[in-house]
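A.B. asks: Contents are mmCIF, C-alpha atoms; file name final_35.cif:
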```
data_entry
loop_
_atom_site.label_atom_id
_atom_site.label_comp_id
_atom_site.auth_asym_id
_atom_site.auth_seq_id
_atom_site.Cartn_x
_atom_site.Cartn_y
_atom_site.Cartn_z
CA MET A 1 0.00 0.00 0.00
CA SER A 2 1.46 3.34 -0.98
CA SER A 3 1.87 6.19 1.47
CA LEU A 4 -0.71 8.13 -0.53
CA THR A 5 -3.48 5.62 0.12
CA LYS A 6 -2.59 4.44 3.61
CA LYS A 7 -5.36 5.31 6.04
CA PHE A 8 -4.33 7.75 8.74
CA ILE A 9 -4.78 6.52 12.30
CA ALA A 10 -4.35 9.02 15.10
CA ALA A 11 -1.92 8.41 17.94
CA GLU A 12 -3.17 6.36 20.87
CA ALA A 13 -3.06 9.45 23.10
CA VAL A 14 -5.60 11.10 20.78
CA LEU A 15 -7.76 7.98 20.63
CA ARG A 16 -7.82 7.74 24.42
CA ILE A 17 -9.26 11.25 24.60
CA GLU A 18 -11.78 10.56 21.86
CA ARG A 19 -12.97 7.43 23.67
CA THR A 20 -13.39 9.13 27.02
CA SER A 21 -13.86 12.88 26.56
CA LEU A 22 -17.12 14.41 27.78
CA ARG A 23 -16.40 17.87 26.41
CA VAL A 24 -18.94 19.38 24.01
CA GLN A 25 -19.02 22.63 22.06
CA GLN A 26 -21.94 24.99 22.58
CA PRO A 27 -22.84 27.98 20.41
CA ALA A 28 -22.31 31.63 21.23
CA SER A 29 -25.27 34.01 21.29
CA SER A 30 -26.66 34.90 17.89
CA GLY A 31 -29.77 36.55 16.53
CA ASP A 32 -32.06 33.67 17.48
CA MET A 33 -29.99 31.99 20.19
CA VAL A 34 -29.29 33.18 23.72
CA SER A 35 -26.19 31.48 25.07
CA LEU A 36 -25.61 31.02 28.77
CA ALA A 37 -23.09 28.30 27.95
CA MET A 38 -19.89 30.28 27.60
CA GLY A 39 -17.33 30.31 30.41
CA GLU A 40 -15.97 33.64 29.26
CA PRO A 41 -16.43 37.21 30.54
CA ASP A 42 -18.52 39.32 28.18
CA PHE A 43 -16.50 42.39 29.19
CA ASP A 44 -13.86 43.88 26.93
CA THR A 45 -10.34 43.84 28.33
CA PRO A 46 -9.72 47.04 30.35
CA PRO A 47 -8.31 49.79 28.08
CA ARG A 48 -5.08 50.32 30.04
CA ILE A 49 -4.15 46.66 29.46
CA VAL A 50 -4.82 47.01 25.74
CA GLU A 51 -2.75 50.19 25.61
CA ALA A 52 0.10 48.51 27.49
CA ALA A 53 0.25 45.79 24.84
CA ALA A 54 0.14 48.33 22.02
CA GLN A 55 2.89 50.37 23.65
CA ALA A 56 5.01 47.26 24.14
CA LEU A 57 4.71 46.48 20.44
CA ARG A 58 5.67 50.03 19.54
CA ASN A 59 8.66 49.72 21.87
CA GLY A 60 9.96 46.67 20.03
CA PHE A 61 8.68 43.84 22.23
CA THR A 62 8.16 41.65 19.18
CA HIS A 63 10.84 39.00 19.78
CA TYR A 64 10.91 35.71 21.68
CA ALA A 65 10.59 35.96 25.44
CA PRO A 66 12.64 33.83 27.84
CA LEU A 67 11.14 30.34 28.05
CA LEU A 68 10.11 30.66 31.70
CA GLY A 69 8.59 34.07 31.03
CA ASP A 70 9.43 37.74 30.69
CA LYS A 71 11.64 38.77 33.62
CA LEU A 72 9.41 41.71 34.59
CA LEU A 73 6.28 39.54 34.66
CA CYS A 74 7.98 36.69 36.49
CA GLU A 75 9.16 39.12 39.17
CA ALA A 76 5.65 40.60 39.51
CA LEU A 77 4.12 37.13 39.77
CA ALA A 78 6.70 36.07 42.34
CA GLU A 79 5.76 39.10 44.44
CA GLU A 80 2.05 38.23 44.08
CA VAL A 81 2.49 34.59 45.08
CA SER A 82 4.85 35.51 47.92
CA ALA A 83 2.34 38.05 49.26
CA GLN A 84 -0.36 35.37 49.35
CA SER A 85 1.77 32.58 50.80
CA GLY A 86 4.02 34.51 53.14
CA PHE A 87 7.05 32.68 51.71
CA PRO A 88 9.62 34.10 49.30
CA VAL A 89 9.33 32.84 45.73
CA LYS A 90 12.70 32.12 44.19
CA GLN A 91 13.88 32.25 40.60
CA GLY A 92 12.67 29.19 38.71
CA GLU A 93 9.52 28.78 40.79
CA VAL A 94 7.21 30.55 38.29
CA LEU A 95 6.38 29.60 34.70
CA VAL A 96 4.35 31.88 32.39
CA THR A 97 2.03 29.77 30.21
CA HIS A 98 -0.25 30.11 27.20
CA GLY A 99 -3.31 30.64 29.37
CA GLY A 100 -4.48 28.41 32.18
CA THR A 101 -5.14 25.63 29.67
CA ALA A 102 -1.49 25.27 28.67
CA GLY A 103 -0.51 25.58 32.32
CA LEU A 104 -2.77 22.68 33.26
CA ALA A 105 -1.51 20.63 30.32
CA ALA A 106 2.12 21.24 31.22
CA ALA A 107 1.43 20.43 34.87
CA ILE A 108 -0.48 17.19 34.29
CA LEU A 109 1.69 15.88 31.45
CA SER A 110 4.85 16.54 33.48
CA ILE A 111 3.58 14.50 36.45
CA VAL A 112 1.40 11.66 35.19
CA ASN A 113 2.86 8.38 33.86
CA PRO A 114 0.78 5.62 32.24
CA GLY A 115 -1.18 3.81 34.93
CA ASP A 116 -0.86 6.54 37.58
CA ARG A 117 -4.03 7.09 39.60
CA VAL A 118 -5.28 10.69 39.48
CA VAL A 119 -8.19 11.73 41.68
CA ILE A 120 -10.53 14.44 40.41
CA PRO A 121 -13.77 15.66 42.03
CA ASP A 122 -16.99 14.72 40.23
CA PRO A 123 -18.32 16.95 38.79
CA THR A 124 -15.41 19.19 37.79
CA TYR A 125 -13.83 20.94 34.80
CA SER A 126 -13.68 18.36 32.02
CA LEU A 127 -10.22 19.30 30.71
CA TYR A 128 -8.56 17.59 33.68
CA ALA A 129 -9.77 14.12 32.68
CA ASP A 130 -8.84 14.67 29.03
CA LEU A 131 -5.28 15.55 29.99
CA VAL A 132 -4.96 12.63 32.39
CA ASN A 133 -6.19 10.30 29.66
CA MET A 134 -3.76 11.86 27.18
CA ALA A 135 -0.95 11.02 29.61
CA GLY A 136 -2.23 7.44 29.99
CA GLY A 137 -3.17 7.95 33.61
CA VAL A 138 -6.21 6.48 35.35
CA CYS A 139 -8.90 8.99 36.36
CA VAL A 140 -10.49 8.27 39.74
CA PRO A 141 -13.66 10.38 39.99
CA MET A 142 -14.59 11.40 43.53
CA PRO A 143 -18.35 12.13 43.71
CA CYS A 144 -19.21 15.20 45.77
CA LYS A 145 -21.95 15.54 48.36
CA ALA A 146 -25.47 16.69 47.51
CA ASP A 147 -24.46 20.28 48.28
CA LEU A 148 -21.57 19.85 45.77
CA HIS A 149 -18.87 20.22 48.45
CA TRP A 150 -16.35 17.44 49.05
CA ASP A 151 -17.24 14.39 51.09
CA LEU A 152 -14.13 14.42 53.27
CA ASP A 153 -14.39 10.73 54.21
CA ARG A 154 -14.63 9.80 50.54
CA LEU A 155 -11.73 12.14 49.80
CA ALA A 156 -9.58 10.32 52.33
CA SER A 157 -10.30 6.90 50.83
CA SER A 158 -9.95 8.12 47.24
CA LEU A 159 -6.42 9.37 47.84
CA GLU A 160 -5.17 5.88 48.78
CA GLY A 161 -2.44 5.11 46.25
CA ALA A 162 -3.11 8.26 44.19
CA LYS A 163 -0.18 10.08 42.62
CA LEU A 164 -2.08 13.31 41.99
CA PHE A 165 -5.18 15.26 43.02
CA VAL A 166 -6.47 17.97 40.64
CA PHE A 167 -9.17 20.44 41.62
CA CYS A 168 -10.48 23.92 40.98
CA ASN A 169 -11.54 26.39 43.65
CA PRO A 170 -13.91 28.19 43.15
CA GLY A 171 -15.46 25.30 41.27
CA ASN A 172 -16.35 24.98 37.61
CA PRO A 173 -19.15 23.95 37.00
CA THR A 174 -20.50 23.91 40.54
CA GLY A 175 -19.80 27.47 41.70
CA ILE A 176 -18.68 25.98 45.03
CA VAL A 177 -16.02 27.74 47.14
CA HIS A 178 -14.24 25.28 49.38
CA THR A 179 -14.00 26.24 53.01
CA ARG A 180 -10.79 26.63 54.95
CA GLU A 181 -11.64 23.37 56.76
CA GLU A 182 -11.91 21.52 53.43
CA ILE A 183 -8.63 22.94 52.12
CA GLU A 184 -6.76 22.25 55.37
CA THR A 185 -8.17 18.70 55.47
CA LEU A 186 -7.00 18.16 51.89
CA GLY A 187 -3.54 19.43 52.88
CA ARG A 188 -3.35 16.94 55.73
CA LEU A 189 -4.54 14.05 53.55
CA VAL A 190 -2.17 14.63 50.63
CA ASN A 191 0.73 14.64 53.05
CA GLN A 192 -0.55 11.46 54.67
CA HIS A 193 -0.82 9.71 51.28
CA ASP A 194 2.18 11.44 49.68
CA THR A 195 -0.02 12.75 46.86
CA LEU A 196 0.89 15.64 44.58
CA VAL A 197 -1.59 18.46 43.94
CA ILE A 198 -2.57 20.75 41.08
CA ALA A 199 -4.72 23.62 42.34
CA ASP A 200 -6.57 25.59 39.65
CA GLU A 201 -7.68 28.89 41.18
CA ALA A 202 -8.75 30.65 37.98
CA TYR A 203 -11.85 32.14 39.65
CA SER A 204 -10.31 33.17 42.97
CA ASP A 205 -11.28 36.84 42.49
CA LEU A 206 -14.95 35.85 42.12
CA VAL A 207 -16.07 34.78 45.61
CA PHE A 208 -19.48 35.79 46.97
CA THR A 209 -19.61 34.05 50.36
CA GLY A 210 -18.64 37.10 52.39
CA LYS A 211 -15.79 35.04 53.85
CA PRO A 212 -12.08 35.25 52.95
CA PHE A 213 -11.05 32.88 50.17
CA THR A 214 -8.61 30.15 51.25
CA SER A 215 -5.94 29.52 48.64
CA VAL A 216 -3.58 26.55 48.77
CA LEU A 217 -0.86 29.21 48.87
CA GLN A 218 -2.00 30.12 52.38
CA VAL A 219 -1.83 26.57 53.78
CA PRO A 220 1.74 25.38 54.55
CA ALA A 221 0.79 21.70 54.13
CA PHE A 222 0.76 22.16 50.35
CA ARG A 223 4.29 23.51 50.09
CA GLY A 224 6.70 21.27 48.21
CA ARG A 225 4.03 19.11 46.54
CA THR A 226 1.71 21.54 44.75
CA LEU A 227 1.54 23.32 41.42
CA PHE A 228 -0.62 26.44 41.68
CA CYS A 229 -2.31 27.22 38.37
CA GLN A 230 -3.66 30.70 37.63
CA THR A 231 -4.77 32.69 34.59
CA PHE A 232 -5.42 36.30 33.64
CA SER A 233 -8.46 35.20 31.60
CA LYS A 234 -11.30 35.48 34.12
CA SER A 235 -10.34 38.24 36.57
CA TYR A 236 -9.09 40.64 33.90
CA ALA A 237 -11.36 39.63 30.97
CA MET A 238 -8.29 38.51 29.00
CA THR A 239 -9.46 35.16 27.64
CA GLY A 240 -8.23 35.79 24.10
CA TRP A 241 -4.83 36.99 25.27
CA ARG A 242 -3.81 33.49 26.43
CA VAL A 243 -1.63 34.23 29.42
CA GLY A 244 -1.50 32.28 32.67
CA TYR A 245 1.12 30.89 35.02
CA LEU A 246 2.21 28.08 37.27
CA ALA A 247 3.95 28.51 40.61
CA GLY A 248 5.50 25.81 42.73
CA PRO A 249 8.69 23.95 43.69
CA ALA A 250 11.56 24.49 41.26
CA ASP A 251 11.80 20.81 40.27
CA MET A 252 8.09 20.62 39.46
CA ILE A 253 8.24 23.92 37.53
CA ALA A 254 11.27 22.70 35.58
CA ALA A 255 9.41 19.54 34.54
CA ALA A 256 6.30 21.51 33.55
CA ALA A 257 8.49 23.99 31.66
CA ARG A 258 10.02 21.13 29.67
CA VAL A 259 6.52 20.16 28.46
CA HIS A 260 5.36 23.73 27.90
CA ASN A 261 8.50 24.76 26.04
CA SER A 262 8.38 21.68 23.83
CA VAL A 263 4.72 22.12 22.87
CA ASN A 264 4.07 25.85 23.15
CA GLY A 265 7.32 27.78 23.32
CA SER A 266 7.44 31.14 25.07
CA VAL A 267 4.39 33.36 25.48
CA ASN A 268 3.87 36.46 23.32
CA THR A 269 6.22 39.13 24.68
CA ALA A 270 3.91 42.15 24.37
CA VAL A 271 1.09 40.25 26.07
CA GLN A 272 3.36 39.57 29.03
CA ARG A 273 4.11 43.27 29.39
CA ALA A 274 0.37 43.96 29.34
CA ALA A 275 -0.11 41.31 32.04
CA VAL A 276 2.29 43.24 34.30
CA VAL A 277 0.03 46.28 33.99
CA ALA A 278 -3.04 44.12 34.70
CA LEU A 279 -1.43 42.73 37.83
CA LYS A 280 -0.14 46.04 39.18
CA GLU A 281 -2.67 48.64 38.03
CA CYS A 282 -6.06 47.03 37.40
CA LYS A 283 -7.45 45.96 40.77
CA ASP A 284 -10.17 48.59 40.36
CA ASP A 285 -11.19 47.02 37.03
CA VAL A 286 -11.39 43.61 38.71
CA LYS A 287 -13.61 45.12 41.43
CA ARG A 288 -15.84 46.85 38.86
CA MET A 289 -16.46 43.58 37.02
CA TYR A 290 -16.92 41.72 40.31
CA ASP A 291 -19.72 44.09 41.32
CA VAL A 292 -21.51 43.45 38.03
CA TYR A 293 -21.13 39.68 38.40
CA ARG A 294 -22.59 39.91 41.90
CA GLU A 295 -25.72 41.60 40.52
CA ARG A 296 -26.02 39.10 37.66
CA ARG A 297 -25.64 36.20 40.08
CA ILE A 298 -28.62 37.36 42.10
CA LEU A 299 -30.64 37.94 38.93
CA MET A 300 -29.96 34.42 37.62
CA MET A 301 -30.53 32.78 41.01
CA GLU A 302 -33.90 34.49 41.42
CA GLY A 303 -34.93 33.42 37.93
CA LEU A 304 -33.87 29.80 38.37
CA LEU A 305 -35.45 29.44 41.81
CA ALA A 306 -38.79 30.45 40.26
CA ILE A 307 -38.73 27.58 37.76
CA PRO A 308 -40.72 24.49 38.86
CA GLY A 309 -38.69 21.29 38.82
CA LEU A 310 -35.29 22.96 39.27
CA LYS A 311 -33.18 22.71 42.41
CA LEU A 312 -30.28 25.10 42.91
CA ASN A 313 -27.45 24.99 45.43
CA GLU A 314 -26.50 28.60 45.98
CA PRO A 315 -23.45 29.41 43.84
CA GLU A 316 -20.66 30.72 46.05
CA GLY A 317 -18.08 31.75 43.45
CA ALA A 318 -16.96 31.76 39.81
CA PHE A 319 -19.80 32.80 37.47
CA TYR A 320 -21.84 29.61 37.19
CA CYS A 321 -25.13 28.20 38.40
CA PHE A 322 -25.46 24.40 38.37
CA PRO A 323 -29.13 23.52 38.93
CA SER A 324 -30.48 19.98 38.86
CA TYR A 325 -33.75 19.17 37.11
CA SER A 326 -36.35 16.50 37.83
CA LEU A 327 -37.28 15.35 34.32
CA PRO A 328 -36.02 11.85 33.34
CA ILE A 329 -34.04 13.11 30.35
CA PRO A 330 -30.25 12.75 29.96
CA ALA A 331 -28.48 16.10 30.22
CA ILE A 332 -27.02 15.92 26.71
CA ASP A 333 -30.53 15.36 25.29
CA MET A 334 -31.97 18.06 27.53
CA VAL A 335 -29.47 20.58 26.16
CA ALA A 336 -30.41 19.65 22.59
CA LEU A 337 -34.11 20.08 23.37
CA LEU A 338 -33.49 23.44 25.03
CA ARG A 339 -31.60 24.67 21.99
CA GLU A 340 -34.85 24.25 20.06
CA GLN A 341 -36.24 26.87 22.45
CA GLY A 342 -33.38 29.24 21.60
CA ILE A 343 -31.33 28.77 24.79
CA ALA A 344 -27.82 27.26 24.92
CA VAL A 345 -26.53 25.82 28.20
CA ARG A 346 -24.02 23.10 29.02
CA PRO A 347 -24.97 19.56 30.09
CA GLY A 348 -23.92 18.69 33.61
CA SER A 349 -22.77 15.28 32.36
CA GLU A 350 -19.95 17.04 30.49
CA PHE A 351 -18.31 17.53 33.88
CA GLY A 352 -18.58 13.94 35.12
CA ALA A 353 -21.09 11.18 35.84
CA ALA A 354 -22.25 12.94 39.02
CA GLY A 355 -23.19 15.97 36.91
CA GLU A 356 -25.92 14.02 35.12
CA GLY A 357 -29.33 15.61 35.67
CA HIS A 358 -27.77 19.09 35.95
CA LEU A 359 -27.28 22.06 33.66
CA ARG A 360 -24.50 24.63 33.80
CA LEU A 361 -25.47 28.22 33.15
CA SER A 362 -23.04 31.13 33.06
CA TYR A 363 -23.90 34.60 34.32
CA ALA A 364 -20.88 36.02 32.49
CA ALA A 365 -23.50 37.41 30.14
CA SER A 366 -25.54 40.61 29.97
CA LYS A 367 -28.53 41.08 32.25
CA GLU A 368 -30.75 41.09 29.17
CA ALA A 369 -29.34 37.72 28.06
CA ILE A 370 -29.79 36.28 31.54
CA VAL A 371 -33.43 37.39 31.80
CA GLU A 372 -34.31 36.18 28.30
CA GLY A 373 -32.29 32.97 28.66
CA VAL A 374 -33.94 32.00 31.95
CA LYS A 375 -37.33 32.81 30.42
CA ARG A 376 -36.61 30.44 27.52
CA LEU A 377 -35.33 27.79 29.91
CA LYS A 378 -38.55 27.97 31.93
CA ARG A 379 -40.62 27.72 28.77
CA GLY A 380 -38.57 24.82 27.47
CA LEU A 381 -38.79 22.81 30.70
CA ALA A 382 -42.55 23.45 30.91
CA SER A 383 -43.02 22.12 27.39
CA LEU A 384 -41.21 18.89 28.33
CA GLY A 385 -42.93 18.31 31.65
#
```
I need this file expressed as structure tokens, please.
C.D. replies:
Amino acid sequence: MSSLTKKFIAAEAVLRIERTSLRVQQPASSGDMVSLAMGEPDFDTPPRIVEAAAQALRNGFTHYAPLLGDKLLCEALAEEVSAQSGFPVKQGEVLVTHGGTAGLAAAILSIVNPGDRVVIPDPTYSLYADLVNMAGGVCVPMPCKADLHWDLDRLASSLEGAKLFVFCNPGNPTGIVHTREEIETLGRLVNQHDTLVIADEAYSDLVFTGKPFTSVLQVPAFRGRTLFCQTFSKSYAMTGWRVGYLAGPADMIAAAARVHNSVNGSVNTAVQRAAVVALKECKDDVKRMYDVYRERRILMMEGLLAIPGLKLNEPEGAFYCFPSYSLPIPAIDMVALLREQGIAVRPGSEFGAAGEGHLRLSYAASKEAIVEGVKRLKRGLASLG
């Protein structure tokens, strides 16, 4: 058989993802479709960040950056992480990545060997399982309690023999913010079982509990075994800019950097200069967007709680609601039926088996879209009941 006619077969790593991935693509809002499916701020990036990037380009920042990241940004990130943890961050303990996605990929692929057990909460962000499967690891889903918080007894048993635990806080899709007790218990357990940790805190600036957020950076038990993953996408409305970072022990960062540098290379230089401005000068922009999210959260909650057959655990952070519904229809089919009513949401089953019977809705959308979307959801569910 000639090379021209030989059938292409994807690599086994790709086939593993195709066999197991739960991720689905949902449409953006259009003329006849209201989308509450997108996990992306609808705000434009603050103007001073945009101007910083433009100025960097005009100043000649058009060449490759150092592989670990632009020195100015790495220093600013080291200061930020040190301020949160209370420990000095040394050179080589920060890696700038192509968004949080590339950071997670570099982290997981640098840790997980074929056959390694990796515990992930269920439900949780679906990218984690895809990356573990790409690496040939074994995903061990850990179902959460009815209130979507961790079952700490189940957490303890799940970590037996696990190489890695991956979680996000605040939670996507659940909107849960883990308490200090939960985080400290996790810290004790991972030390007991000698388990590594990847902590994705992409939504840490979006907490609505009225209580201080507990980062893994603030709990000494995580030091030496944890990669902290962060992104500029959510807090600063910089999704399209693709800039994030990892922080952690130098040996873990070096391994993650080997993956990131091999697959991605260094991050756009001008974008990194803009990220410095975001970090140092844009806290007021973060607060302005936070205040709007807080209003939208209440608006969506009130709308969902008025729909018969829906049950909603109060979202505590991020910008998601994760209601369960009572109709005996699989979530993937429910989403398809709701699209016929002009409303796009995400199926809870995309985020794990325990997400079945749920829908994820994002309030990172305009108030008008939220009101109309919830109206269409109510109409759609009524038509199916």
A.B. asks: Find the spatial neighbours of Arg225 (chain A), counting all atoms listed in the file, within a cut-off of 7 Å - ignore same-chain residues fewer than 2 positions away - and output them as a PyMOL selection string.
C.D. replies: chain A and resi 196-197+222-223
A.B. asks: Evaluate the PyMOL selection byres ((chain A and resi 299) around 12) here and jot the selected residues down as a PDB file with C-alpha atoms, in the coordinates of the input.
C.D. replies:
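Listed below is the output, part06.pdb:
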```pdb
ATOM      1  CA  VAL A 292     -21.510  43.450  38.030  1.00  0.00           C
ATOM      2  CA  TYR A 293     -21.130  39.680  38.400  1.00  0.00           C
ATOM      3  CA  ARG A 294     -22.590  39.910  41.900  1.00  0.00           C
ATOM      4  CA  GLU A 295     -25.720  41.600  40.520  1.00  0.00           C
ATOM      5  CA  ARG A 296     -26.020  39.100  37.660  1.00  0.00           C
ATOM      6  CA  ARG A 297     -25.640  36.200  40.080  1.00  0.00           C
ATOM      7  CA  ILE A 298     -28.620  37.360  42.100  1.00  0.00           C
ATOM      8  CA  MET A 300     -29.960  34.420  37.620  1.00  0.00           C
ATOM      9  CA  MET A 301     -30.530  32.780  41.010  1.00  0.00           C
ATOM     10  CA  GLU A 302     -33.900  34.490  41.420  1.00  0.00           C
ATOM     11  CA  GLY A 303     -34.930  33.420  37.930  1.00  0.00           C
ATOM     12  CA  LEU A 304     -33.870  29.800  38.370  1.00  0.00           C
ATOM     13  CA  LEU A 305     -35.450  29.440  41.810  1.00  0.00           C
ATOM     14  CA  ALA A 306     -38.790  30.450  40.260  1.00  0.00           C
ATOM     15  CA  CYS A 321     -25.130  28.200  38.400  1.00  0.00           C
ATOM     16  CA  SER A 362     -23.040  31.130  33.060  1.00  0.00           C
ATOM     17  CA  TYR A 363     -23.900  34.600  34.320  1.00  0.00           C
ATOM     18  CA  ALA A 364     -20.880  36.020  32.490  1.00  0.00           C
ATOM     19  CA  ALA A 365     -23.500  37.410  30.140  1.00  0.00           C
ATOM     20  CA  SER A 366     -25.540  40.610  29.970  1.00  0.00           C
ATOM     21  CA  LYS A 367     -28.530  41.080  32.250  1.00  0.00           C
ATOM     22  CA  GLU A 368     -30.750  41.090  29.170  1.00  0.00           C
ATOM     23  CA  ALA A 369     -29.340  37.720  28.060  1.00  0.00           C
ATOM     24  CA  ILE A 370     -29.790  36.280  31.540  1.00  0.00           C
ATOM     25  CA  VAL A 371     -33.430  37.390  31.800  1.00  0.00           C
ATOM     26  CA  GLU A 372     -34.310  36.180  28.300  1.00  0.00           C
ATOM     27  CA  GLY A 373     -32.290  32.970  28.660  1.00  0.00           C
ATOM     28  CA  VAL A 374     -33.940  32.000  31.950  1.00  0.00           C
ATOM     29  CA  LYS A 375     -37.330  32.810  30.420  1.00  0.00           C
TER      30      LYS A 375
END
```
A.B. asks: With the file shown as input, list the residues that the PyMOL selection byres ((chain A and resi 47) around 12) selects, as a count of residues only.
C.D. replies: 20
A.B. asks: Could you list, as a ChimeraX atom specification, every residue matched by the PyMOL selection byres ((chain A and resi 127-138) around 7) in this structure?
C.D. replies: /A:13-14,16-17,21,105,108-109,112-118,125-126,139-140
A.B. asks: For CA of Val81 (chain A) and CA of Val216 (chain A), determine how far apart the two atoms are, in Å to one decimal place.
C.D. replies: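 So the two atoms, CA of Val81 (chain A) and CA of Val216 (chain A), lie 10.7 Å apart.
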A.B. asks: Do you know which residues are at most 6 Å from Gly352 (chain A) counting all atoms listed in the file, after dropping those on the same chain fewer than 2 positions away, and could you put them as an NGL selection string?
C.D. replies: :A and (122-123 or 349-350 or 354-355)
A.B. asks: So, with only C-alpha atoms as the atoms that count, which of A:Lys211, A:Arg339, A:Lys7, A:Lys311 lies closest to Leu36 (chain A)?
C.D. replies: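 Nearest candidate to Leu36 (chain A) out of A:Lys211, A:Arg339, A:Lys7, A:Lys311: A:Arg339.
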A.B. asks: Go through A:Ser158, A:Thr226, A:Thr97, A:Asn313 and flag the residue nearest Gly265 (chain A), using all atoms listed in the file for the distances.
C.D. replies: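 Comparing A:Ser158, A:Thr226, A:Thr97, A:Asn313 against Gly265 (chain A), the winner is A:Thr97.
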A.B. asks: Which of these, A:Gln91, A:Phe165, A:Phe8, A:Thr214, has the shortest distance to Glu79 (chain A) once you count all atoms listed in the file?
C.D. replies: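 Looking at the shortest contact to Glu79 (chain A), the residue is A:Gln91.
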A.B. asks: Work out how far apart CA of Ala318 (chain A) and CA of Leu279 (chain A) are and give it in Å to one decimal.
C.D. replies: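 Between CA of Ala318 (chain A) and CA of Leu279 (chain A) the gap works out to 19.1 Å.
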A.B. asks: Counting all atoms listed in the file, which residue out of A:Arg242, A:Arg188, A:Arg360, A:Arg180 sits closest to Gln218 (chain A)?
C.D. replies: A:Arg180
A.B. asks: If I take CA of Ser215 (chain A) and CA of Pro121 (chain A), how far is one from the other in Å, to one decimal?
C.D. replies: 17.2 Å
A.B. asks: Up to 12 Å from (-37.9, 26.4, 22.6) in the file's coordinates: name the residues, counting only C-alpha atoms, as a list of chain:residue names.
C.D. replies: A:Asp32, A:Met33, A:Val34, A:Met334, A:Val335, A:Ala336, A:Leu337, A:Leu338, A:Arg339, A:Glu340, A:Gln341, A:Gly342, A:Ile343, A:Ala344, A:Glu372, A:Gly373, A:Val374, A:Lys375, A:Arg376, A:Leu377, A:Lys378, A:Arg379, A:Gly380, A:Leu381, A:Ala382, A:Ser383, A:Leu384
A.B. asks: Restrict the selected residues to C-alpha atoms and save them as a PDB file, in the coordinates of the input.
C.D. replies:
```pdb
ATOM      1  CA  ASP A  32     -32.060  33.670  17.480  1.00  0.00           C
ATOM      2  CA  MET A  33     -29.990  31.990  20.190  1.00  0.00           C
ATOM      3  CA  VAL A  34     -29.290  33.180  23.720  1.00  0.00           C
ATOM      4  CA  MET A 334     -31.970  18.060  27.530  1.00  0.00           C
ATOM      5  CA  VAL A 335     -29.470  20.580  26.160  1.00  0.00           C
ATOM      6  CA  ALA A 336     -30.410  19.650  22.590  1.00  0.00           C
ATOM      7  CA  LEU A 337     -34.110  20.080  23.370  1.00  0.00           C
ATOM      8  CA  LEU A 338     -33.490  23.440  25.030  1.00  0.00           C
ATOM      9  CA  ARG A 339     -31.600  24.670  21.990  1.00  0.00           C
ATOM     10  CA  GLU A 340     -34.850  24.250  20.060  1.00  0.00           C
ATOM     11  CA  GLN A 341     -36.240  26.870  22.450  1.00  0.00           C
ATOM     12  CA  GLY A 342     -33.380  29.240  21.600  1.00  0.00           C
ATOM     13  CA  ILE A 343     -31.330  28.770  24.790  1.00  0.00           C
ATOM     14  CA  ALA A 344     -27.820  27.260  24.920  1.00  0.00           C
ATOM     15  CA  GLU A 372     -34.310  36.180  28.300  1.00  0.00           C
ATOM     16  CA  GLY A 373     -32.290  32.970  28.660  1.00  0.00           C
ATOM     17  CA  VAL A 374     -33.940  32.000  31.950  1.00  0.00           C
ATOM     18  CA  LYS A 375     -37.330  32.810  30.420  1.00  0.00           C
ATOM     19  CA  ARG A 376     -36.610  30.440  27.520  1.00  0.00           C
ATOM     20  CA  LEU A 377     -35.330  27.790  29.910  1.00  0.00           C
ATOM     21  CA  LYS A 378     -38.550  27.970  31.930  1.00  0.00           C
ATOM     22  CA  ARG A 379     -40.620  27.720  28.770  1.00  0.00           C
ATOM     23  CA  GLY A 380     -38.570  24.820  27.470  1.00  0.00           C
ATOM     24  CA  LEU A 381     -38.790  22.810  30.700  1.00  0.00           C
ATOM     25  CA  ALA A 382     -42.550  23.450  30.910  1.00  0.00           C
ATOM     26  CA  SER A 383     -43.020  22.120  27.390  1.00  0.00           C
ATOM     27  CA  LEU A 384     -41.210  18.890  28.330  1.00  0.00           C
TER      28      LEU A 384
END
```
A.B. asks: Find the residue from A:Gly224, A:Pro347, A:Pro212, A:Gly103 that sits nearest to Val177 (chain A); use all atoms listed in the file when measuring.
C.D. replies: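 The closest residue to Val177 (chain A) is A:Pro212.
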A.B. asks: For Leu217 (chain A), work out the shell of residues within 7 Å, counting all atoms listed in the file and skipping chain neighbours fewer than 2 positions away, then give it as a list of chain:residue names.
C.D. replies: A:Gln84, A:Ser85, A:Ser215, A:Val219
A.B. asks: Choose the residue, out of A:Thr179, A:Arg154, A:Arg23, A:Glu18, that has the smallest atom-to-atom separation from Ile332 (chain A); count only C-alpha atoms.
C.D. replies: A:Arg23
A.B. asks: Name all residues at most 8 Å from Thr269 (chain A) (count only C-alpha atoms; drop same-chain ones fewer than 5 positions away) and give them as a list in words.
C.D. replies: Phe61, Thr62, His63, Tyr64, Ala65 and Asp70 of chain A
A.B. asks: Take the residues that were just selected and, keeping C-alpha atoms, output them as a PDB file, in the frame of the given file.
C.D. replies:
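result32.pdb, freshly written:
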```pdb
ATOM      1  CA  PHE A  61       8.680  43.840  22.230  1.00  0.00           C
ATOM      2  CA  THR A  62       8.160  41.650  19.180  1.00  0.00           C
ATOM      3  CA  HIS A  63      10.840  39.000  19.780  1.00  0.00           C
ATOM      4  CA  TYR A  64      10.910  35.710  21.680  1.00  0.00           C
ATOM      5  CA  ALA A  65      10.590  35.960  25.440  1.00  0.00           C
ATOM      6  CA  ASP A  70       9.430  37.740  30.690  1.00  0.00           C
TER       7      ASP A  70
END
```
